[in-house]
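To be precise, the following lines are final-v8.pdb, and they hold PDB, C-alpha atoms, pLDDT in the B column.
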```pdb
ATOM      1  CA  MET R   1     180.301 200.269 140.989  1.00 48.00           C
ATOM      2  CA  SER R   2     181.006 203.696 142.319  1.00 48.00           C
ATOM      3  CA  GLY R   3     183.984 204.669 144.410  1.00 48.00           C
ATOM      4  CA  VAL R   4     181.770 204.839 147.487  1.00 45.00           C
ATOM      5  CA  SER R   5     180.751 201.199 146.950  1.00 80.00           C
ATOM      6  CA  VAL R   6     184.393 200.166 146.733  1.00 82.00           C
ATOM      7  CA  LEU R   7     185.136 201.913 150.018  1.00 86.00           C
ATOM      8  CA  LEU R   8     182.105 200.369 151.687  1.00 88.00           C
ATOM      9  CA  VAL R   9     182.983 196.826 150.640  1.00 89.00           C
ATOM     10  CA  ALA R  10     186.658 197.245 151.560  1.00 91.00           C
ATOM     11  CA  ARG R  11     185.672 198.722 154.924  1.00 92.00           C
ATOM     12  CA  SER R  12     183.272 195.860 155.561  1.00 93.00           C
ATOM     13  CA  VAL R  13     185.956 193.247 154.877  1.00 94.00           C
ATOM     14  CA  LEU R  14     188.600 195.081 156.928  1.00 95.00           C
ATOM     15  CA  THR R  15     186.165 195.475 159.819  1.00 95.00           C
ATOM     16  CA  SER R  16     185.447 191.753 159.725  1.00 94.00           C
ATOM     17  CA  LEU R  17     189.166 190.979 159.811  1.00 95.00           C
ATOM     18  CA  ALA R  18     189.825 193.458 162.624  1.00 94.00           C
ATOM     19  CA  ARG R  19     187.304 191.628 164.823  1.00 94.00           C
ATOM     20  CA  ARG R  20     189.397 188.461 164.718  1.00 94.00           C
ATOM     21  CA  PRO R  21     192.068 187.939 167.404  1.00 94.00           C
ATOM     22  CA  LEU R  22     194.268 186.203 164.822  1.00 94.00           C
ATOM     23  CA  TRP R  23     194.500 189.457 162.839  1.00 94.00           C
ATOM     24  CA  TRP R  24     195.944 191.349 165.809  1.00 95.00           C
ATOM     25  CA  LEU R  25     198.240 188.447 166.682  1.00 95.00           C
ATOM     26  CA  LEU R  26     199.739 188.549 163.182  1.00 94.00           C
ATOM     27  CA  ALA R  27     199.958 192.338 163.330  1.00 94.00           C
ATOM     28  CA  SER R  28     201.821 192.175 166.645  1.00 93.00           C
ATOM     29  CA  LEU R  29     204.234 189.564 165.307  1.00 92.00           C
ATOM     30  CA  LEU R  30     204.955 191.618 162.194  1.00 90.00           C
ATOM     31  CA  PHE R  31     205.491 194.737 164.297  1.00 90.00           C
ATOM     32  CA  ALA R  32     207.942 192.880 166.537  1.00 86.00           C
ATOM     33  CA  CYS R  33     209.807 191.303 163.616  1.00 82.00           C
ATOM     34  CA  TRP R  34     211.485 194.525 162.512  1.00 73.00           C
ATOM     35  CA  PRO R  35     213.774 194.967 165.557  1.00 73.00           C
ATOM     36  CA  ALA R  36     214.303 191.193 165.596  1.00 75.00           C
ATOM     37  CA  LEU R  37     215.556 191.284 162.000  1.00 71.00           C
ATOM     38  CA  ARG R  38     218.012 194.063 162.756  1.00 69.00           C
ATOM     39  CA  THR R  39     219.300 192.216 165.814  1.00 69.00           C
ATOM     40  CA  PHE R  40     219.536 188.602 164.716  1.00 67.00           C
ATOM     41  CA  LEU R  41     220.202 188.663 160.962  1.00 61.00           C
ATOM     42  CA  PRO R  42     223.875 189.699 161.368  1.00 58.00           C
ATOM     43  CA  LEU R  43     224.423 186.842 163.839  1.00 58.00           C
ATOM     44  CA  GLY R  44     223.538 183.980 161.489  1.00 53.00           C
ATOM     45  CA  LEU R  45     226.112 182.292 159.258  1.00 43.00           C
ATOM     46  CA  ALA R  46     223.732 182.121 156.303  1.00 47.00           C
ATOM     47  CA  THR R  47     222.077 185.508 156.920  1.00 49.00           C
ATOM     48  CA  ALA R  48     225.077 187.652 157.859  1.00 46.00           C
ATOM     49  CA  ASP R  49     225.383 189.004 154.315  1.00 50.00           C
ATOM     50  CA  LEU R  50     221.672 189.734 153.962  1.00 53.00           C
ATOM     51  CA  HIS R  51     220.381 193.227 154.542  1.00 55.00           C
ATOM     52  CA  HIS R  52     217.495 193.527 156.982  1.00 55.00           C
ATOM     53  CA  TRP R  53     215.418 195.424 154.407  1.00 67.00           C
ATOM     54  CA  THR R  54     215.101 192.273 152.309  1.00 78.00           C
ATOM     55  CA  GLY R  55     213.751 190.409 155.325  1.00 78.00           C
ATOM     56  CA  ALA R  56     211.244 193.173 156.051  1.00 83.00           C
ATOM     57  CA  TYR R  57     209.867 193.078 152.520  1.00 88.00           C
ATOM     58  CA  GLU R  58     209.713 189.279 152.517  1.00 88.00           C
ATOM     59  CA  LEU R  59     207.704 189.426 155.747  1.00 90.00           C
ATOM     60  CA  ALA R  60     205.460 192.083 154.227  1.00 92.00           C
ATOM     61  CA  LEU R  61     204.804 189.795 151.253  1.00 94.00           C
ATOM     62  CA  PHE R  62     203.746 186.871 153.430  1.00 94.00           C
ATOM     63  CA  GLY R  63     201.810 189.158 155.763  1.00 94.00           C
ATOM     64  CA  GLY R  64     199.874 190.455 152.758  1.00 95.00           C
ATOM     65  CA  ILE R  65     199.201 186.903 151.606  1.00 96.00           C
ATOM     66  CA  ALA R  66     197.842 186.064 155.067  1.00 96.00           C
ATOM     67  CA  ALA R  67     195.545 189.099 154.890  1.00 96.00           C
ATOM     68  CA  ILE R  68     194.282 188.046 151.457  1.00 97.00           C
ATOM     69  CA  LEU R  69     193.564 184.553 152.739  1.00 97.00           C
ATOM     70  CA  GLY R  70     191.632 186.046 155.636  1.00 96.00           C
ATOM     71  CA  GLY R  71     189.632 188.294 153.312  1.00 95.00           C
ATOM     72  CA  ILE R  72     188.327 185.414 151.189  1.00 96.00           C
ATOM     73  CA  GLY R  73     185.585 184.505 153.677  1.00 95.00           C
ATOM     74  CA  PRO R  74     184.181 188.032 154.188  1.00 94.00           C
ATOM     75  CA  LEU R  75     184.211 188.682 150.445  1.00 93.00           C
ATOM     76  CA  ALA R  76     182.449 185.403 149.757  1.00 92.00           C
ATOM     77  CA  ARG R  77     179.700 186.390 152.199  1.00 92.00           C
ATOM     78  CA  LEU R  78     179.228 189.621 150.239  1.00 89.00           C
ATOM     79  CA  GLY R  79     178.710 187.712 147.012  1.00 84.00           C
ATOM     80  CA  TRP R  80     174.981 188.488 146.907  1.00 82.00           C
ATOM     81  CA  ILE R  81     175.882 192.190 146.724  1.00 82.00           C
ATOM     82  CA  LEU R  82     178.750 191.752 144.262  1.00 85.00           C
ATOM     83  CA  ASP R  83     176.500 189.730 141.927  1.00 80.00           C
ATOM     84  CA  ARG R  84     174.648 192.939 141.085  1.00 80.00           C
ATOM     85  CA  ALA R  85     177.792 194.332 139.451  1.00 79.00           C
ATOM     86  CA  GLY R  86     179.153 193.170 136.149  1.00 81.00           C
ATOM     87  CA  SER R  87     181.807 190.477 136.026  1.00 87.00           C
ATOM     88  CA  THR R  88     184.602 192.941 135.207  1.00 90.00           C
ATOM     89  CA  ARG R  89     183.608 195.416 137.925  1.00 89.00           C
ATOM     90  CA  ARG R  90     183.163 192.651 140.453  1.00 90.00           C
ATOM     91  CA  THR R  91     186.645 191.270 139.784  1.00 92.00           C
ATOM     92  CA  ALA R  92     188.176 194.741 139.988  1.00 92.00           C
ATOM     93  CA  LEU R  93     186.370 195.363 143.269  1.00 92.00           C
ATOM     94  CA  GLU R  94     187.646 192.074 144.695  1.00 94.00           C
ATOM     95  CA  LEU R  95     191.231 192.843 143.666  1.00 95.00           C
ATOM     96  CA  VAL R  96     191.094 196.308 145.243  1.00 95.00           C
ATOM     97  CA  THR R  97     189.648 194.870 148.458  1.00 95.00           C
ATOM     98  CA  PHE R  98     192.285 192.137 148.647  1.00 97.00           C
ATOM     99  CA  LEU R  99     195.003 194.720 148.034  1.00 96.00           C
ATOM    100  CA  ALA R 100     193.616 196.936 150.808  1.00 96.00           C
ATOM    101  CA  CYS R 101     193.723 193.992 153.223  1.00 96.00           C
ATOM    102  CA  ALA R 102     197.308 193.209 152.284  1.00 96.00           C
ATOM    103  CA  CYS R 103     198.413 196.816 152.706  1.00 95.00           C
ATOM    104  CA  ALA R 104     196.687 197.104 156.084  1.00 95.00           C
ATOM    105  CA  LEU R 105     198.475 194.110 157.597  1.00 95.00           C
ATOM    106  CA  ALA R 106     201.853 194.656 155.919  1.00 94.00           C
ATOM    107  CA  ALA R 107     201.907 198.226 157.225  1.00 93.00           C
ATOM    108  CA  PHE R 108     202.713 196.827 160.679  1.00 92.00           C
ATOM    109  CA  VAL R 109     206.162 195.818 159.435  1.00 89.00           C
ATOM    110  CA  LEU R 110     206.812 198.342 156.648  1.00 88.00           C
ATOM    111  CA  VAL R 111     205.853 201.537 158.475  1.00 85.00           C
ATOM    112  CA  PRO R 112     208.216 200.956 161.420  1.00 81.00           C
ATOM    113  CA  ALA R 113     210.922 199.885 159.003  1.00 76.00           C
ATOM    114  CA  HIS R 114     210.689 203.132 157.044  1.00 75.00           C
ATOM    115  CA  LEU R 115     210.205 205.428 160.031  1.00 74.00           C
ATOM    116  CA  LEU R 116     212.712 203.997 162.504  1.00 64.00           C
ATOM    117  CA  ASP R 117     215.578 202.949 160.264  1.00 60.00           C
ATOM    118  CA  ARG R 118     218.412 204.991 158.864  1.00 52.00           C
ATOM    119  CA  TRP R 119     219.461 204.415 155.306  1.00 45.00           C
ATOM    120  CA  GLN R 120     222.732 202.496 155.427  1.00 45.00           C
ATOM    121  CA  PHE R 121     222.444 200.426 152.285  1.00 46.00           C
ATOM    122  CA  ALA R 122     222.494 202.696 149.253  1.00 46.00           C
ATOM    123  CA  THR R 123     222.057 199.889 146.735  1.00 51.00           C
ATOM    124  CA  PHE R 124     218.652 198.877 148.109  1.00 57.00           C
ATOM    125  CA  ARG R 125     216.090 200.155 145.604  1.00 68.00           C
ATOM    126  CA  VAL R 126     213.045 200.714 147.763  1.00 75.00           C
ATOM    127  CA  GLY R 127     210.932 202.000 144.866  1.00 79.00           C
ATOM    128  CA  GLU R 128     211.386 198.874 142.763  1.00 87.00           C
ATOM    129  CA  SER R 129     210.960 196.536 145.721  1.00 87.00           C
ATOM    130  CA  LEU R 130     207.770 198.302 146.815  1.00 89.00           C
ATOM    131  CA  LEU R 131     206.306 198.064 143.313  1.00 93.00           C
ATOM    132  CA  ALA R 132     207.325 194.396 143.104  1.00 93.00           C
ATOM    133  CA  LEU R 133     205.674 193.815 146.476  1.00 94.00           C
ATOM    134  CA  VAL R 134     202.364 195.280 145.291  1.00 95.00           C
ATOM    135  CA  LEU R 135     202.663 193.228 142.106  1.00 95.00           C
ATOM    136  CA  GLY R 136     203.088 190.084 144.188  1.00 95.00           C
ATOM    137  CA  TRP R 137     199.988 190.895 146.224  1.00 96.00           C
ATOM    138  CA  LEU R 138     197.989 191.435 143.032  1.00 96.00           C
ATOM    139  CA  HIS R 139     199.225 188.077 141.775  1.00 96.00           C
ATOM    140  CA  VAL R 140     197.890 186.317 144.869  1.00 97.00           C
ATOM    141  CA  ALA R 141     194.702 188.415 144.823  1.00 97.00           C
ATOM    142  CA  SER R 142     193.937 187.420 141.235  1.00 96.00           C
ATOM    143  CA  ILE R 143     194.273 183.738 142.148  1.00 96.00           C
ATOM    144  CA  ALA R 144     192.053 184.302 145.186  1.00 96.00           C
ATOM    145  CA  ALA R 145     189.462 186.001 142.968  1.00 95.00           C
ATOM    146  CA  CYS R 146     189.342 182.877 140.813  1.00 95.00           C
ATOM    147  CA  THR R 147     188.722 180.692 143.856  1.00 95.00           C
ATOM    148  CA  LEU R 148     185.712 182.854 144.750  1.00 94.00           C
ATOM    149  CA  ARG R 149     184.044 181.432 141.649  1.00 93.00           C
ATOM    150  CA  LEU R 150     184.359 177.848 142.927  1.00 92.00           C
ATOM    151  CA  PRO R 151     181.365 176.245 144.729  1.00 92.00           C
ATOM    152  CA  VAL R 152     183.421 175.308 147.805  1.00 93.00           C
ATOM    153  CA  GLU R 153     183.808 176.542 151.370  1.00 94.00           C
ATOM    154  CA  SER R 154     185.957 179.590 152.129  1.00 93.00           C
ATOM    155  CA  THR R 155     188.458 177.476 154.058  1.00 94.00           C
ATOM    156  CA  THR R 156     188.934 175.314 150.969  1.00 96.00           C
ATOM    157  CA  ARG R 157     189.446 178.409 148.842  1.00 96.00           C
ATOM    158  CA  ALA R 158     192.088 179.710 151.252  1.00 96.00           C
ATOM    159  CA  ALA R 159     193.809 176.314 151.247  1.00 96.00           C
ATOM    160  CA  ILE R 160     193.928 176.324 147.439  1.00 96.00           C
ATOM    161  CA  VAL R 161     195.499 179.798 147.354  1.00 96.00           C
ATOM    162  CA  LEU R 162     197.987 178.858 150.069  1.00 96.00           C
ATOM    163  CA  LEU R 163     198.969 175.688 148.234  1.00 95.00           C
ATOM    164  CA  ALA R 164     199.321 177.458 144.889  1.00 93.00           C
ATOM    165  CA  THR R 165     201.317 180.478 146.092  1.00 93.00           C
ATOM    166  CA  CYS R 166     203.360 179.277 149.066  1.00 91.00           C
ATOM    167  CA  VAL R 167     203.742 175.492 148.850  1.00 90.00           C
ATOM    168  CA  LEU R 168     204.088 174.610 145.164  1.00 88.00           C
ATOM    169  CA  PRO R 169     206.605 177.326 144.092  1.00 86.00           C
ATOM    170  CA  PRO R 170     209.414 176.088 146.402  1.00 82.00           C
ATOM    171  CA  LEU R 171     208.755 172.508 145.296  1.00 82.00           C
ATOM    172  CA  LEU R 172     208.919 173.419 141.600  1.00 77.00           C
ATOM    173  CA  ALA R 173     212.018 175.637 141.808  1.00 72.00           C
ATOM    174  CA  GLY R 174     214.861 174.361 139.627  1.00 65.00           C
ATOM    175  CA  GLY R 175     212.695 171.833 137.838  1.00 62.00           C
ATOM    176  CA  ALA R 176     212.186 171.066 134.159  1.00 60.00           C
ATOM    177  CA  PHE R 177     210.564 173.335 131.598  1.00 59.00           C
ATOM    178  CA  PHE R 178     207.052 172.385 132.682  1.00 68.00           C
ATOM    179  CA  GLY R 179     207.949 173.123 136.298  1.00 69.00           C
ATOM    180  CA  ASP R 180     209.394 176.503 135.347  1.00 76.00           C
ATOM    181  CA  LEU R 181     206.232 177.341 133.401  1.00 80.00           C
ATOM    182  CA  VAL R 182     203.977 176.492 136.340  1.00 82.00           C
ATOM    183  CA  LEU R 183     206.351 178.371 138.631  1.00 84.00           C
ATOM    184  CA  ALA R 184     206.014 181.515 136.501  1.00 84.00           C
ATOM    185  CA  ILE R 185     202.236 181.250 136.736  1.00 90.00           C
ATOM    186  CA  LEU R 186     202.102 180.693 140.507  1.00 91.00           C
ATOM    187  CA  ASP R 187     205.173 182.320 142.060  1.00 91.00           C
ATOM    188  CA  ALA R 188     204.081 185.720 143.373  1.00 92.00           C
ATOM    189  CA  GLY R 189     207.396 186.629 145.008  1.00 90.00           C
ATOM    190  CA  ALA R 190     209.719 186.232 142.023  1.00 89.00           C
ATOM    191  CA  SER R 191     209.801 189.933 141.149  1.00 91.00           C
ATOM    192  CA  LEU R 192     210.369 190.937 144.767  1.00 90.00           C
ATOM    193  CA  ARG R 193     213.335 188.595 145.133  1.00 87.00           C
ATOM    194  CA  ALA R 194     214.749 189.748 141.819  1.00 88.00           C
ATOM    195  CA  SER R 195     214.507 193.398 142.885  1.00 86.00           C
ATOM    196  CA  PHE R 196     216.938 192.699 145.737  1.00 82.00           C
ATOM    197  CA  ASP R 197     219.727 191.714 143.337  1.00 80.00           C
ATOM    198  CA  PHE R 198     219.519 193.833 140.181  1.00 81.00           C
ATOM    199  CA  PRO R 199     217.457 196.606 138.555  1.00 84.00           C
ATOM    200  CA  LEU R 200     214.343 195.259 136.889  1.00 87.00           C
ATOM    201  CA  THR R 201     213.888 195.967 133.200  1.00 90.00           C
ATOM    202  CA  ARG R 202     210.695 196.858 131.378  1.00 91.00           C
ATOM    203  CA  ALA R 203     210.574 193.365 129.882  1.00 92.00           C
ATOM    204  CA  HIS R 204     210.638 191.874 133.373  1.00 91.00           C
ATOM    205  CA  TRP R 205     207.725 194.036 134.530  1.00 93.00           C
ATOM    206  CA  ILE R 206     205.700 193.051 131.469  1.00 93.00           C
ATOM    207  CA  ALA R 207     206.447 189.357 131.976  1.00 91.00           C
ATOM    208  CA  ALA R 208     205.558 189.606 135.674  1.00 92.00           C
ATOM    209  CA  SER R 209     202.226 191.254 134.824  1.00 94.00           C
ATOM    210  CA  LEU R 210     201.108 188.560 132.366  1.00 94.00           C
ATOM    211  CA  PRO R 211     200.087 185.976 135.031  1.00 94.00           C
ATOM    212  CA  ILE R 212     198.056 188.642 136.831  1.00 95.00           C
ATOM    213  CA  VAL R 213     196.268 189.521 133.605  1.00 95.00           C
ATOM    214  CA  GLY R 214     195.638 185.848 132.921  1.00 95.00           C
ATOM    215  CA  TRP R 215     194.246 185.076 136.372  1.00 95.00           C
ATOM    216  CA  GLY R 216     192.179 188.255 136.302  1.00 94.00           C
ATOM    217  CA  ALA R 217     190.728 187.366 132.898  1.00 95.00           C
ATOM    218  CA  ALA R 218     189.862 183.913 134.203  1.00 94.00           C
ATOM    219  CA  ALA R 219     188.101 185.455 137.212  1.00 93.00           C
ATOM    220  CA  VAL R 220     186.106 187.723 134.892  1.00 93.00           C
ATOM    221  CA  ALA R 221     185.180 184.826 132.610  1.00 92.00           C
ATOM    222  CA  LEU R 222     184.045 182.643 135.519  1.00 89.00           C
ATOM    223  CA  ALA R 223     182.048 185.374 137.253  1.00 81.00           C
ATOM    224  CA  SER R 224     178.285 185.217 136.993  1.00 69.00           C
ATOM    225  CA  PRO R 225     176.601 187.976 134.945  1.00 66.00           C
ATOM    226  CA  ALA R 226     175.101 190.930 136.721  1.00 56.00           C
ATOM    227  CA  THR R 227     171.730 190.287 138.291  1.00 55.00           C
ATOM    228  CA  PRO R 228     169.289 193.172 138.655  1.00 56.00           C
ATOM    229  CA  PRO R 229     167.899 193.932 142.103  1.00 52.00           C
ATOM    230  CA  PRO R 230     164.604 192.183 142.853  1.00 52.00           C
ATOM    231  CA  ALA R 231     161.533 194.094 141.834  1.00 49.00           C
ATOM    232  CA  GLN R 232     159.367 195.394 144.627  1.00 49.00           C
ATOM    233  CA  ALA R 233     155.942 193.863 144.861  1.00 46.00           C
ATOM    234  CA  HIS R 234     153.049 196.316 144.691  1.00 45.00           C
ATOM    235  CA  ALA R 235     149.764 195.711 146.431  1.00 45.00           C
ATOM    236  CA  VAL R 236     146.770 195.264 144.148  1.00 47.00           C
ATOM    237  CA  ARG R 237     143.894 197.479 145.138  1.00 51.00           C
ATOM    238  CA  ASP R 238     140.371 196.142 145.349  1.00 50.00           C
ATOM    239  CA  PRO R 239     138.466 197.608 142.363  1.00 50.00           C
ATOM    240  CA  ARG R 240     135.242 197.865 144.375  1.00 52.00           C
TER     241      ARG R 240
END
```

What is this structure when it is put down as structure tokens?
Amino acid sequence: MSGVSVLLVARSVLTSLARRPLWWLLASLLFACWPALRTFLPLGLATADLHHWTGAYELALFGGIAAILGGIGPLARLGWILDRAGSTRRTALELVTFLACACALAAFVLVPAHLLDRWQFATFRVGESLLALVLGWLHVASIAACTLRLPVESTTRAAIVLLATCVLPPLLAGGAFFGDLVLAILDAGASLRASFDFPLTRAHWIAASLPIVGWGAAAVALASPATPPPAQAHAVRDPR
């Protein structure tokens, strides 16, 4: 698909989300969370040592996940258009659209954080955390792309993604080897949390990218092959 097609599909999904009151409710809550983090984090016994930037990026991660969940339905309704593209192009288009949705909603907490705050914590590596944040969104988006291949309702798809990315990882944390393996496949926020504590190495970035590649390959394999547009019927003239 051309770049114009990508923009048109992303705009269509974002327009559908912007028409929902829930979208603007989440955006308002994210926008209001930044001053709340700066005010109340130092007052808690367990959060006094946490920097408010970590809370802002955690909120941005979950805000992006919420946007991806909301974009599943509009993208599923555009399936008859996406079927005309190849499986690889369709999956890439879905990932870009999901990422655009995540960026649009997370901007309500990240933009005020970057514009209104003064740098007081020199050890916070905003570049690494921002890259880890985008990587986490791509992780969730690749799982969501796989659910688009399932013959179920969009609400069921969103529930599957929510269960896999937000419910199971906390339950599997600190488990046995099998639990750690499943956690590595499903946990989209591991790199973001790790970026708060220490610089991430090249090996960590490669390991964090492997689940995204795996889920993306599964989405490509499960996608239906490209279908040509229907041929136009031509009227048959009377030979007389």

* Asked: Within 8 Å of R:Ala158, counting all atoms listed in the file, which residues qualify if same-chain residues fewer than 2 places away don't, as JSON, numbers by chain?
  -> {"R": [69, 70, 72, 144, 154, 155, 156, 160, 161, 162]}

* Asked: Could you list as number ranges by chain every residue that has an atom within 10 Å of (187.2, 187.4, 133.3), using the file's coordinates and counting all atoms listed in the file?
  -> R: 87-92, 146, 213-224

Give me the result of the PyMOL selection byres ((chain R and resi 128) around 10) on this file, residue by residue, as an mmCIF file with C-alpha atoms, in the coordinates of the input.
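After the write, expr31.cif holds the following:
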```cif
data_model
loop_
_atom_site.group_PDB
_atom_site.id
_atom_site.type_symbol
_atom_site.label_atom_id
_atom_site.label_comp_id
_atom_site.auth_asym_id
_atom_site.auth_seq_id
_atom_site.Cartn_x
_atom_site.Cartn_y
_atom_site.Cartn_z
ATOM 1 C CA PHE R 124 218.652 198.877 148.109
ATOM 2 C CA ARG R 125 216.090 200.155 145.604
ATOM 3 C CA VAL R 126 213.045 200.714 147.763
ATOM 4 C CA GLY R 127 210.932 202.000 144.866
ATOM 5 C CA SER R 129 210.960 196.536 145.721
ATOM 6 C CA LEU R 130 207.770 198.302 146.815
ATOM 7 C CA LEU R 131 206.306 198.064 143.313
ATOM 8 C CA ALA R 132 207.325 194.396 143.104
ATOM 9 C CA LEU R 133 205.674 193.815 146.476
ATOM 10 C CA SER R 191 209.801 189.933 141.149
ATOM 11 C CA LEU R 192 210.369 190.937 144.767
ATOM 12 C CA ALA R 194 214.749 189.748 141.819
ATOM 13 C CA SER R 195 214.507 193.398 142.885
ATOM 14 C CA PHE R 196 216.938 192.699 145.737
ATOM 15 C CA PHE R 198 219.519 193.833 140.181
ATOM 16 C CA PRO R 199 217.457 196.606 138.555
ATOM 17 C CA LEU R 200 214.343 195.259 136.889
#
```

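Once the PyMOL selection byres ((chain R and resi 101) around 9) is applied to this file, the selection holds Ala10, Val13, Leu14, Leu17, Gly64, Ala67, Ile68, Gly70, Gly71, Val96, Thr97, Phe98, Leu99, Ala100, Ala102, Cys103, Ala104, Leu105 and Ala106 of chain R.
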
List every residue of stretch 93-207 of chain R that has an atom at most 10 Å from any atom of stretch 76-81 of chain R, giving for each one its closest atom pair and the distance in Å to one decimal, counting all atoms listed in the file, sorted by chain and then by ascending residue number, as JSON lines.
```
{"residue": "R:Glu94", "atom": "CA", "partner": "R:Ala76", "partner_atom": "CA", "distance": 9.9}
{"residue": "R:Ala145", "atom": "CA", "partner": "R:Ala76", "partner_atom": "CA", "distance": 9.8}
{"residue": "R:Thr147", "atom": "CA", "partner": "R:Ala76", "partner_atom": "CA", "distance": 9.8}
{"residue": "R:Leu148", "atom": "CA", "partner": "R:Ala76", "partner_atom": "CA", "distance": 6.5}
{"residue": "R:Arg149", "atom": "CA", "partner": "R:Ala76", "partner_atom": "CA", "distance": 9.2}
{"residue": "R:Glu153", "atom": "CA", "partner": "R:Ala76", "partner_atom": "CA", "distance": 9.1}
{"residue": "R:Ser154", "atom": "CA", "partner": "R:Ala76", "partner_atom": "CA", "distance": 7.2}
{"residue": "R:Arg157", "atom": "CA", "partner": "R:Ala76", "partner_atom": "CA", "distance": 9.9}
```

* Asked: What is the distance, in Å and to one decimal place, between atom CA of R:Leu210 and atom CA of R:Leu95?
  -> 15.6 Å

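Residues captured in this structure file are Ala27, Ser28, Leu29, Leu30, Phe31, Ala32, Trp34, Pro35, Ala36, Leu37, Arg38, Thr39, Gly55, Ala56, Leu59, Phe108, Val109 and Ala113 of chain R, according to the PyMOL selection byres ((chain R and resi 33) around 10).
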
Excluding R:Ser12 and its own-chain neighbours fewer than 5 positions away, which residues fall within 9 Å of it when counting all atoms listed in the file? Please give them as a CSV table (one decimal) with C-alpha atoms, in the frame of the given file.
```csv
chain,number,residue,atom,x,y,z
R,7,LEU,CA,185.1,201.9,150.0
R,17,LEU,CA,189.2,191.0,159.8
R,74,PRO,CA,184.2,188.0,154.2
R,75,LEU,CA,184.2,188.7,150.4
```

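Coordinates place atom CA of R:Trp137 at a distance of 9.1 Å from atom CA of R:Phe62.
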
* Asked: So how far away is atom CA of R:Ser5 from atom CA of R:Thr165, in Å?
  -> 29.2 Å

Please give the centre and size of the box around stretch 195-204 of chain R (axis-aligned, containing every atom listed in the file, 6 Å added per side), with values in Å to one decimal and written as JSON.
```
{"center_x": 215.2, "center_y": 194.3, "center_z": 137.8, "size_x": 21.2, "size_y": 17.1, "size_z": 27.9}
```

* Residues at most 10 Å from stretch 169-173 of chain R, counting all atoms listed in the file, excluding those fewer than 2 positions away in the same chain, as a VMD selection string? -> chain R and resid 163 to 167 175 to 176 178 to 190

Pull stretch 75-86 of chain R out of the block and emit N, CA, C and O atoms, as a compact mmCIF listing (two decimals), in the first residue's frame.
```txt
# COMPACT_ATOMS: atom_id res chain seq x y z
N LEU R 75 -10.39 -1.00 13.01
CA LEU R 75 -9.55 -1.71 12.03
C LEU R 75 -10.23 -2.97 11.53
O LEU R 75 -10.10 -3.32 10.35
N ALA R 76 -10.94 -3.65 12.41
CA ALA R 76 -11.65 -4.86 11.97
C ALA R 76 -12.72 -4.52 10.94
O ALA R 76 -12.95 -5.28 9.99
N ARG R 77 -13.37 -3.36 11.10
CA ARG R 77 -14.40 -2.97 10.13
C ARG R 77 -13.80 -2.58 8.79
O ARG R 77 -14.51 -2.56 7.77
N LEU R 78 -12.51 -2.26 8.77
CA LEU R 78 -11.83 -1.95 7.51
C LEU R 78 -11.17 -3.17 6.88
O LEU R 78 -10.38 -3.03 5.95
N GLY R 79 -11.51 -4.34 7.39
CA GLY R 79 -10.87 -5.56 6.89
C GLY R 79 -11.12 -5.80 5.42
O GLY R 79 -10.25 -6.33 4.71
N TRP R 80 -12.28 -5.41 4.91
CA TRP R 80 -12.57 -5.65 3.48
C TRP R 80 -11.66 -4.80 2.59
O TRP R 80 -11.42 -5.17 1.43
N ILE R 81 -11.16 -3.69 3.11
CA ILE R 81 -10.19 -2.89 2.35
C ILE R 81 -8.79 -3.47 2.52
O ILE R 81 -8.02 -3.58 1.55
N LEU R 82 -8.44 -3.86 3.75
CA LEU R 82 -7.10 -4.38 4.01
C LEU R 82 -6.86 -5.72 3.34
O LEU R 82 -5.71 -6.09 3.09
N ASP R 83 -7.94 -6.46 3.03
CA ASP R 83 -7.78 -7.76 2.37
C ASP R 83 -7.20 -7.62 0.97
O ASP R 83 -6.67 -8.60 0.42
N ARG R 84 -7.31 -6.43 0.38
CA ARG R 84 -6.77 -6.24 -0.96
C ARG R 84 -5.26 -6.11 -0.96
O ARG R 84 -4.63 -6.19 -2.02
N ALA R 85 -4.67 -5.85 0.21
CA ALA R 85 -3.21 -5.79 0.32
C ALA R 85 -2.67 -7.17 0.65
O ALA R 85 -3.40 -8.07 1.07
N GLY R 86 -1.40 -7.34 0.45
CA GLY R 86 -0.77 -8.59 0.83
C GLY R 86 -0.72 -8.75 2.33
O GLY R 86 -0.93 -7.80 3.09
```
